[in-house]
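Here's the structure, in structure tokens; my notes come after.
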Amino acid sequence: MPQSYWYLGLPQAIAQSLEVMLSAPMAAADPSKFGDIREDTAIFVAASTWDSVPRNARRVLEQGGLACVLVADTTAEHALELFAAGRFVAVVTLPLTAEKISTLLEQLREMFRISEDMRNMAKEITLERELLVRKNEELAFLNGVLRNASATLEIHQVLSAYLHAVTTLVPVHQAAAVLWESTGNGLEADFLLPHGIPELQEQWINHLGRVMERLGGGIATAFRRQILEWGEPLQHPPHKAELFTQALQTTQGGTFGALVLCTQGVHTLGRDRLRTLHAAANHVALALHNALRFRRVKAMADHDGLTHIANRYAFDKRLREEMKRHQRHAQELSLLMLDLDFFKAVNDTYGHLAGDMVLTRVGQLLQRTLRESDFPARFGGEEFIVLLPQTSEEQAWVLAERLRDLIAQERFSFEGKTFRVTASIGVAGMRPGAFTPPEALVHEADQALYRAKTGGRNMVCVSSLGEASAPICAHS
């Protein structure tokens with residue numbers, strides 16, 4: 001029903017008669033103020049007045065959604081012509097009667113009901129359109145996250161792609177992550193720390209460790225510390241930052257990690273945005289889990305299954321890379337070839353399991369003694385090989401002598417029996433600018449090892465490839 005009534009061009013007597021029949025007050029309309037009339041208004045316009053209404057005022061009445069009722073106070077032909085033009089919702093003829101007005105009110109009531117229904121439908125359509133647009137944006141966002149995260153199998157690149165996308169949803173200025181997996185040696189974890197103040201890294205490791213425990217991962221028996229080069233430099237310890245933690249789960253529902261976002265305002269996000277954020281975390285979890293599996297498979301392909309150091313295949317690949325670097329940058333390069341003395345006697349006396357234990361311990365000794373840039377590998381059987389970038393033959397000889405001494409002092413115990421082993425080591429080195437094929441360097445180290453074995457064992461011998469000033473052979 002109309003909430004207010006106006007009239008235009010009606011004699012005062014007819015207007016007063018309408019007020020009585022409508023049981024509602026009426027006001028004279030001012031054409032200059034038609035733009036201020038509400039949509040729930042009915043306006044009675046005299047046919048004799050319409051042609052004199054200003055064009056802009058008529059346009060407001062025609063397009064403003066008002067209920068315009070034509071009062072036919074002229075000839076029937078003129079009134080019919082105006083009504084046929086579609087400018088009016090109803091027409092009422094003179095003289096006005098209660099029956100005519102009652103019928104008119106029923107028409108207006110039905111018209112306003114239909115108009116209200118149409119407005120509600122329009123609102124629903126608009127809302128559904130907005131929801132559809134938002135859903136399409138969400139799907140496009142998630143597809144972008146999945147596409148970018150799945151484009152690489154490198155953990156850092158997966159995380160960087162995800163974090164770059166998430167910043168379109170919430171202002172993330174720094175991030176950290178913890179990933180874990182069970183191995184034969186216990187629970188190994190990767191702590192990916194924000195870059196910035198080094199003194200804060202231990203606090204972040206402790207925080208990520210607590211997150212890991214809280215999500216059911218347990219306590220790591222070993223971990224790798226990595227810096228996540230993304231976002232702003234770290235400024236605050238975790239307890240002073242606003243953090244949002246996202247658990248990372250496999251498709252089977254097991255938790256294998258967590259993302260910790262340093263952000264502001266995430267708790268004020270709407271339910272739809274939070275749902276999108278969690279869905280994005282599920283996508284990146286799939287990509288990260290694949291990256292971990294790839295790393296594990298690659299490690300199995302590149303590492304010796306017994307000693308867990310690099311295998312012959314990985315060594316050959318690394319040697320070619322280092323030879324190219326040596327020739328390009330004119331850097332020194334050296335190689336150690338190590339063989340355990342009388343190893344067959346260890347197997348025959350104490351058993352092959354004891355021999356495996358010795359090989360594993362020697363591999364561990366190499367890992368904890370060598371520099372991070374050095375590359376130890378199991379060459380085959382009881383032989384090990386160590387690649388030493390940016391190391392002269394003289395420096396390599398000093399290191400080889402140290403390794404020989406450490407192995408000789410190591411005490412091995414198996415099933416209540418204690419024994420020692422010794423090692424013979426061959427050293428070969430290349431001077432800067434020397435152009436020598438990779439196999440020649442290995443051959444020279446092997447020849448030096450042969451001299452150590454035939455010269456009495458438990459000895460270090462140096463090749464003449466680099467024209468070293470170090471002693472050719474030495475032993476304790």
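To be explicit about the labels: the chains of the structure tokens are called A, B, and onward in the order shown, and within each one the residues are counted from 1, while ligands get numbers from 1 in the order they are shown.
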Identify all residues of region 208-401 of chain A in strand (DSSP E or B) (DSSP on the backbone) and supply them as a JSON list (two decimals) with N, CA and C atoms, in the first residue's frame.
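File written: selection25.json
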```
[["chain", "number", "residue", "atom", "x", "y", "z"],
["A", 222, "ALA", "N", 66.17, -34.59, 15.31],
["A", 222, "ALA", "CA", 67.16, -33.87, 14.50],
["A", 222, "ALA", "C", 66.40, -32.83, 13.69],
["A", 223, "PHE", "N", 67.08, -31.73, 13.39],
["A", 223, "PHE", "CA", 66.40, -30.71, 12.60],
["A", 223, "PHE", "C", 67.39, -29.95, 11.73],
["A", 224, "ARG", "N", 66.84, -29.38, 10.67],
["A", 224, "ARG", "CA", 67.60, -28.51, 9.78],
["A", 224, "ARG", "C", 67.07, -27.09, 9.95],
["A", 225, "ARG", "N", 67.98, -26.15, 10.06],
["A", 225, "ARG", "CA", 67.62, -24.73, 10.20],
["A", 225, "ARG", "C", 67.83, -24.06, 8.85],
["A", 226, "GLN", "N", 66.77, -23.44, 8.34],
["A", 226, "GLN", "CA", 66.85, -22.75, 7.06],
["A", 226, "GLN", "C", 66.23, -21.36, 7.20],
["A", 227, "ILE", "N", 66.69, -20.44, 6.38],
["A", 227, "ILE", "CA", 66.17, -19.07, 6.40],
["A", 227, "ILE", "C", 65.22, -18.90, 5.22],
["A", 228, "LEU", "N", 64.02, -18.42, 5.52],
["A", 228, "LEU", "CA", 63.02, -18.17, 4.49],
["A", 228, "LEU", "C", 63.16, -16.73, 4.01],
["A", 234, "LEU", "N", 62.95, -9.68, 10.01],
["A", 234, "LEU", "CA", 62.39, -10.00, 11.33],
["A", 234, "LEU", "C", 62.74, -8.91, 12.34],
["A", 243, "LEU", "N", 50.30, -13.61, 15.42],
["A", 243, "LEU", "CA", 50.55, -14.80, 14.62],
["A", 243, "LEU", "C", 49.25, -15.52, 14.26],
["A", 244, "PHE", "N", 49.25, -16.09, 13.08],
["A", 244, "PHE", "CA", 48.13, -16.92, 12.63],
["A", 244, "PHE", "C", 48.72, -18.23, 12.14],
["A", 245, "THR", "N", 48.37, -19.32, 12.80],
["A", 245, "THR", "CA", 48.98, -20.62, 12.52],
["A", 245, "THR", "C", 48.03, -21.47, 11.68],
["A", 246, "GLN", "N", 48.58, -22.06, 10.62],
["A", 246, "GLN", "CA", 47.82, -22.94, 9.75],
["A", 246, "GLN", "C", 48.47, -24.32, 9.76],
["A", 247, "ALA", "N", 47.71, -25.33, 10.17],
["A", 247, "ALA", "CA", 48.22, -26.70, 10.15],
["A", 247, "ALA", "C", 48.27, -27.21, 8.71],
["A", 248, "LEU", "N", 49.29, -28.00, 8.40],
["A", 248, "LEU", "CA", 49.45, -28.61, 7.08],
["A", 248, "LEU", "C", 49.15, -30.09, 7.20],
["A", 249, "GLN", "N", 48.20, -30.57, 6.42],
["A", 249, "GLN", "CA", 47.78, -31.96, 6.51],
["A", 249, "GLN", "C", 47.89, -32.65, 5.16],
["A", 255, "THR", "N", 48.87, -34.71, 10.05],
["A", 255, "THR", "CA", 49.54, -33.41, 10.10],
["A", 255, "THR", "C", 51.05, -33.60, 9.98],
["A", 256, "PHE", "N", 51.66, -32.84, 9.08],
["A", 256, "PHE", "CA", 53.11, -32.96, 8.88],
["A", 256, "PHE", "C", 53.83, -31.62, 8.97],
["A", 257, "GLY", "N", 53.10, -30.56, 9.32],
["A", 257, "GLY", "CA", 53.76, -29.27, 9.41],
["A", 257, "GLY", "C", 52.80, -28.16, 9.76],
["A", 258, "ALA", "N", 53.32, -26.95, 9.79],
["A", 258, "ALA", "CA", 52.51, -25.78, 10.11],
["A", 258, "ALA", "C", 53.14, -24.54, 9.50],
["A", 259, "LEU", "N", 52.29, -23.62, 9.08],
["A", 259, "LEU", "CA", 52.71, -22.30, 8.64],
["A", 259, "LEU", "C", 52.35, -21.30, 9.73],
["A", 260, "VAL", "N", 53.26, -20.40, 10.02],
["A", 260, "VAL", "CA", 53.00, -19.35, 11.01],
["A", 260, "VAL", "C", 53.13, -18.01, 10.29],
["A", 261, "LEU", "N", 52.01, -17.31, 10.15],
["A", 261, "LEU", "CA", 51.98, -16.04, 9.44],
["A", 261, "LEU", "C", 52.04, -14.89, 10.43],
["A", 262, "CYS", "N", 52.95, -13.97, 10.21],
["A", 262, "CYS", "CA", 53.00, -12.74, 11.00],
["A", 262, "CYS", "C", 52.13, -11.72, 10.28],
["A", 263, "THR", "N", 51.00, -11.39, 10.87],
["A", 263, "THR", "CA", 50.02, -10.59, 10.17],
["A", 263, "THR", "C", 49.28, -9.68, 11.12],
["A", 303, "HIS", "N", 72.11, -40.71, -2.09],
["A", 303, "HIS", "CA", 72.82, -41.05, -0.86],
["A", 303, "HIS", "C", 72.96, -42.57, -0.70],
["A", 310, "ALA", "N", 76.72, -39.14, 0.54],
["A", 310, "ALA", "CA", 76.49, -39.23, -0.90],
["A", 310, "ALA", "C", 77.03, -40.54, -1.47],
["A", 333, "LEU", "N", 91.44, -27.10, -6.26],
["A", 333, "LEU", "CA", 90.51, -28.21, -6.02],
["A", 333, "LEU", "C", 91.32, -29.44, -5.66],
["A", 334, "SER", "N", 90.90, -30.13, -4.60],
["A", 334, "SER", "CA", 91.63, -31.33, -4.16],
["A", 334, "SER", "C", 90.66, -32.47, -3.90],
["A", 335, "LEU", "N", 91.23, -33.66, -3.80],
["A", 335, "LEU", "CA", 90.43, -34.87, -3.65],
["A", 335, "LEU", "C", 91.14, -35.83, -2.71],
["A", 336, "LEU", "N", 90.37, -36.44, -1.80],
["A", 336, "LEU", "CA", 90.89, -37.50, -0.93],
["A", 336, "LEU", "C", 90.21, -38.80, -1.29],
["A", 337, "MET", "N", 90.99, -39.86, -1.39],
["A", 337, "MET", "CA", 90.42, -41.20, -1.54],
["A", 337, "MET", "C", 90.89, -42.02, -0.34],
["A", 338, "LEU", "N", 89.94, -42.57, 0.40],
["A", 338, "LEU", "CA", 90.21, -43.22, 1.69],
["A", 338, "LEU", "C", 89.76, -44.67, 1.63],
["A", 339, "ASP", "N", 90.61, -45.56, 2.10],
["A", 339, "ASP", "CA", 90.28, -46.99, 2.12],
["A", 339, "ASP", "C", 90.60, -47.54, 3.51],
["A", 340, "LEU", "N", 89.65, -48.29, 4.09],
["A", 340, "LEU", "CA", 89.86, -48.88, 5.42],
["A", 340, "LEU", "C", 90.77, -50.09, 5.29],
["A", 375, "PHE", "N", 82.61, -32.33, 0.25],
["A", 375, "PHE", "CA", 81.61, -33.29, -0.24],
["A", 375, "PHE", "C", 82.13, -34.71, -0.06],
["A", 376, "PRO", "N", 81.76, -35.38, 1.05],
["A", 376, "PRO", "CA", 82.17, -36.77, 1.25],
["A", 376, "PRO", "C", 81.17, -37.72, 0.57],
["A", 377, "ALA", "N", 81.67, -38.85, 0.12],
["A", 377, "ALA", "CA", 80.80, -39.85, -0.52],
["A", 377, "ALA", "C", 81.40, -41.23, -0.30],
["A", 378, "ARG", "N", 80.51, -42.22, -0.35],
["A", 378, "ARG", "CA", 80.99, -43.61, -0.33],
["A", 378, "ARG", "C", 81.26, -44.01, -1.77],
["A", 379, "PHE", "N", 82.50, -44.40, -2.03],
["A", 379, "PHE", "CA", 82.92, -44.68, -3.39],
["A", 379, "PHE", "C", 82.63, -46.12, -3.80],
["A", 380, "GLY", "N", 82.52, -46.97, -2.81],
["A", 380, "GLY", "CA", 82.27, -48.38, -3.08],
["A", 380, "GLY", "C", 82.97, -49.26, -2.06],
["A", 383, "GLU", "N", 85.66, -48.07, 0.55],
["A", 383, "GLU", "CA", 86.32, -46.87, 0.06],
["A", 383, "GLU", "C", 85.40, -45.65, 0.17],
["A", 384, "PHE", "N", 86.00, -44.55, 0.61],
["A", 384, "PHE", "CA", 85.31, -43.26, 0.67],
["A", 384, "PHE", "C", 86.11, -42.26, -0.15],
["A", 385, "ILE", "N", 85.44, -41.23, -0.61],
["A", 385, "ILE", "CA", 86.09, -40.19, -1.39],
["A", 385, "ILE", "C", 85.56, -38.84, -0.92],
["A", 386, "VAL", "N", 86.44, -37.84, -0.88],
["A", 386, "VAL", "CA", 86.06, -36.52, -0.38],
["A", 386, "VAL", "C", 86.52, -35.46, -1.37],
["A", 387, "LEU", "N", 85.59, -34.64, -1.82],
["A", 387, "LEU", "CA", 85.89, -33.54, -2.72],
["A", 387, "LEU", "C", 86.07, -32.27, -1.89],
["A", 388, "LEU", "N", 87.19, -31.56, -2.13],
["A", 388, "LEU", "CA", 87.54, -30.39, -1.32],
["A", 388, "LEU", "C", 87.68, -29.15, -2.21],
["A", 389, "PRO", "N", 86.60, -28.39, -2.40],
["A", 389, "PRO", "CA", 86.69, -27.17, -3.22],
["A", 389, "PRO", "C", 87.55, -26.11, -2.54]]
```
Residues within 10 Å of Trp50 (chain A), please, as a tab-separated table (two decimals) with N, CA and C atoms, in the first residue's frame. Count only C-alpha atoms; anything in the same chain fewer than 4 positions from it doesn't count.
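This went into part_18.tsv:
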```
chain	number	residue	atom	x	y	z
A	8	LEU	N	-1.79	16.52	-8.17
A	8	LEU	CA	-1.27	17.56	-9.06
A	8	LEU	C	-2.38	18.00	-10.01
A	9	GLY	N	-2.74	19.29	-9.94
A	9	GLY	CA	-3.71	19.88	-10.87
A	9	GLY	C	-5.16	19.58	-10.54
A	45	VAL	N	-2.80	12.71	-10.76
A	45	VAL	CA	-2.51	13.78	-11.71
A	45	VAL	C	-3.74	14.01	-12.59
A	46	ALA	N	-4.16	15.27	-12.66
A	46	ALA	CA	-5.30	15.61	-13.53
A	46	ALA	C	-4.86	15.57	-14.98
A	54	PRO	N	6.30	20.49	-16.53
A	54	PRO	CA	7.62	20.61	-17.17
A	54	PRO	C	8.17	19.24	-17.58
A	55	ARG	N	8.92	19.25	-18.71
A	55	ARG	CA	9.43	17.99	-19.26
A	55	ARG	C	10.29	17.21	-18.26
A	58	ARG	N	8.09	15.60	-15.71
A	58	ARG	CA	7.40	14.42	-16.25
A	58	ARG	C	8.36	13.22	-16.33
A	70	LEU	N	-3.99	8.56	-13.13
A	70	LEU	CA	-4.54	9.60	-13.99
A	70	LEU	C	-6.01	9.85	-13.61
A	82	LEU	N	-3.41	9.38	-23.02
A	82	LEU	CA	-2.37	9.50	-21.98
A	82	LEU	C	-2.13	8.16	-21.29
```
Hey, can you check how far CA of Ser413 (chain A) sits from CA of Glu382 (chain A)? 18.0 Å
Write out as JSON lines a residue-level contact list of region 165-231 of chain A versus region 271-286 of chain A with cut-off 10 Å: for each qualifying residue the closest pair of atoms and the distance in Å to one decimal, counting only C-alpha atoms, rows sorted by chain and residue number upward.
```
{"residue": "A:Ala165", "atom": "CA", "partner": "A:Ala280", "partner_atom": "CA", "distance": 9.2}
{"residue": "A:Val166", "atom": "CA", "partner": "A:Leu277", "partner_atom": "CA", "distance": 7.5}
{"residue": "A:Leu169", "atom": "CA", "partner": "A:Arg273", "partner_atom": "CA", "distance": 7.2}
{"residue": "A:Val170", "atom": "CA", "partner": "A:Leu277", "partner_atom": "CA", "distance": 9.0}
```
May I have the residues within 12 Å of region 292-299 of chain A as an MDAnalysis selection string, using only C-alpha atoms and disregarding those fewer than 4 positions away in the same chain? chainID A and resid 152:156 158 179:183 188:190 250 256:257 285:288 303:305 308:311 313:314
For the selection just defined, write its residues with C-alpha atoms to a file, as a compact mmCIF listing (two decimals), in the first residue's frame.
```txt
# COMPACT_ATOMS: atom_id res chain seq x y z
CA THR A 152 58.03 -26.35 -8.39
CA LEU A 153 59.25 -29.07 -6.06
CA GLU A 154 61.52 -26.74 -4.09
CA ILE A 155 60.15 -26.06 -0.60
CA HIS A 156 61.28 -22.42 -0.49
CA VAL A 158 56.43 -23.33 -2.90
CA LEU A 179 57.82 -29.44 8.47
CA TRP A 180 58.48 -32.86 9.93
CA GLU A 181 58.64 -36.50 8.91
CA SER A 182 59.47 -39.78 10.59
CA THR A 183 62.65 -41.54 9.51
CA GLU A 188 63.38 -35.02 11.59
CA ALA A 189 62.16 -31.43 11.26
CA ASP A 190 62.81 -28.49 8.96
CA THR A 250 48.14 -34.76 4.01
CA PHE A 256 53.11 -32.96 8.88
CA GLY A 257 53.76 -29.27 9.41
CA ALA A 285 50.02 -28.51 2.00
CA LEU A 286 49.64 -30.84 -0.97
CA ALA A 287 52.46 -29.07 -2.82
CA LEU A 288 54.74 -29.08 0.25
CA HIS A 303 72.82 -41.05 -0.86
CA ASP A 304 74.27 -44.33 0.25
CA GLY A 305 71.65 -46.33 2.12
CA HIS A 308 73.71 -41.82 4.61
CA ILE A 309 76.40 -39.81 2.86
CA ALA A 310 76.49 -39.23 -0.90
CA ASN A 311 76.86 -42.22 -3.22
CA TYR A 313 76.43 -41.29 -8.66
CA ALA A 314 76.04 -38.08 -6.65
```
Please provide as a ChimeraX atom specification all residues within 10 Å of Pro238 (chain A), with the sequence filter that same-chain residues fewer than 5 positions apart are discarded (counting only C-alpha atoms). /A:200-201,203-208,243,260,262
Write a file of the selected residues as a PDB file, in the first residue's frame, keeping N, CA and C atoms.
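Ended up saving to again_38.pdb:
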```pdb
ATOM      1  N   LEU A 200      67.231 -13.607  17.248  1.00  0.00           N
ATOM      2  CA  LEU A 200      65.844 -14.017  17.483  1.00  0.00           C
ATOM      3  C   LEU A 200      65.543 -15.420  16.947  1.00  0.00           C
ATOM      4  N   GLN A 201      66.484 -15.994  16.209  1.00  0.00           N
ATOM      5  CA  GLN A 201      66.196 -17.271  15.556  1.00  0.00           C
ATOM      6  C   GLN A 201      65.943 -18.396  16.555  1.00  0.00           C
ATOM      7  N   GLN A 203      64.593 -18.182  19.483  1.00  0.00           N
ATOM      8  CA  GLN A 203      63.239 -18.032  20.016  1.00  0.00           C
ATOM      9  C   GLN A 203      62.204 -18.549  19.020  1.00  0.00           C
ATOM     10  N   TRP A 204      62.455 -18.310  17.740  1.00  0.00           N
ATOM     11  CA  TRP A 204      61.519 -18.804  16.731  1.00  0.00           C
ATOM     12  C   TRP A 204      61.594 -20.322  16.592  1.00  0.00           C
ATOM     13  N   ILE A 205      62.789 -20.884  16.728  1.00  0.00           N
ATOM     14  CA  ILE A 205      62.911 -22.347  16.706  1.00  0.00           C
ATOM     15  C   ILE A 205      62.131 -22.952  17.863  1.00  0.00           C
ATOM     16  N   ASN A 206      62.259 -22.361  19.053  1.00  0.00           N
ATOM     17  CA  ASN A 206      61.517 -22.857  20.216  1.00  0.00           C
ATOM     18  C   ASN A 206      60.011 -22.742  19.994  1.00  0.00           C
ATOM     19  N   HIS A 207      59.583 -21.627  19.399  1.00  0.00           N
ATOM     20  CA  HIS A 207      58.148 -21.449  19.143  1.00  0.00           C
ATOM     21  C   HIS A 207      57.645 -22.489  18.141  1.00  0.00           C
ATOM     22  N   LEU A 208      58.391 -22.687  17.059  1.00  0.00           N
ATOM     23  CA  LEU A 208      57.988 -23.680  16.061  1.00  0.00           C
ATOM     24  C   LEU A 208      58.005 -25.085  16.647  1.00  0.00           C
ATOM     25  N   LEU A 243      50.300 -13.614  15.421  1.00  0.00           N
ATOM     26  CA  LEU A 243      50.552 -14.804  14.617  1.00  0.00           C
ATOM     27  C   LEU A 243      49.252 -15.516  14.260  1.00  0.00           C
ATOM     28  N   VAL A 260      53.255 -20.396  10.019  1.00  0.00           N
ATOM     29  CA  VAL A 260      52.999 -19.347  11.007  1.00  0.00           C
ATOM     30  C   VAL A 260      53.130 -18.008  10.288  1.00  0.00           C
ATOM     31  N   CYS A 262      52.951 -13.974  10.211  1.00  0.00           N
ATOM     32  CA  CYS A 262      52.998 -12.741  11.003  1.00  0.00           C
ATOM     33  C   CYS A 262      52.127 -11.719  10.275  1.00  0.00           C
TER      34      CYS A 262
END
```
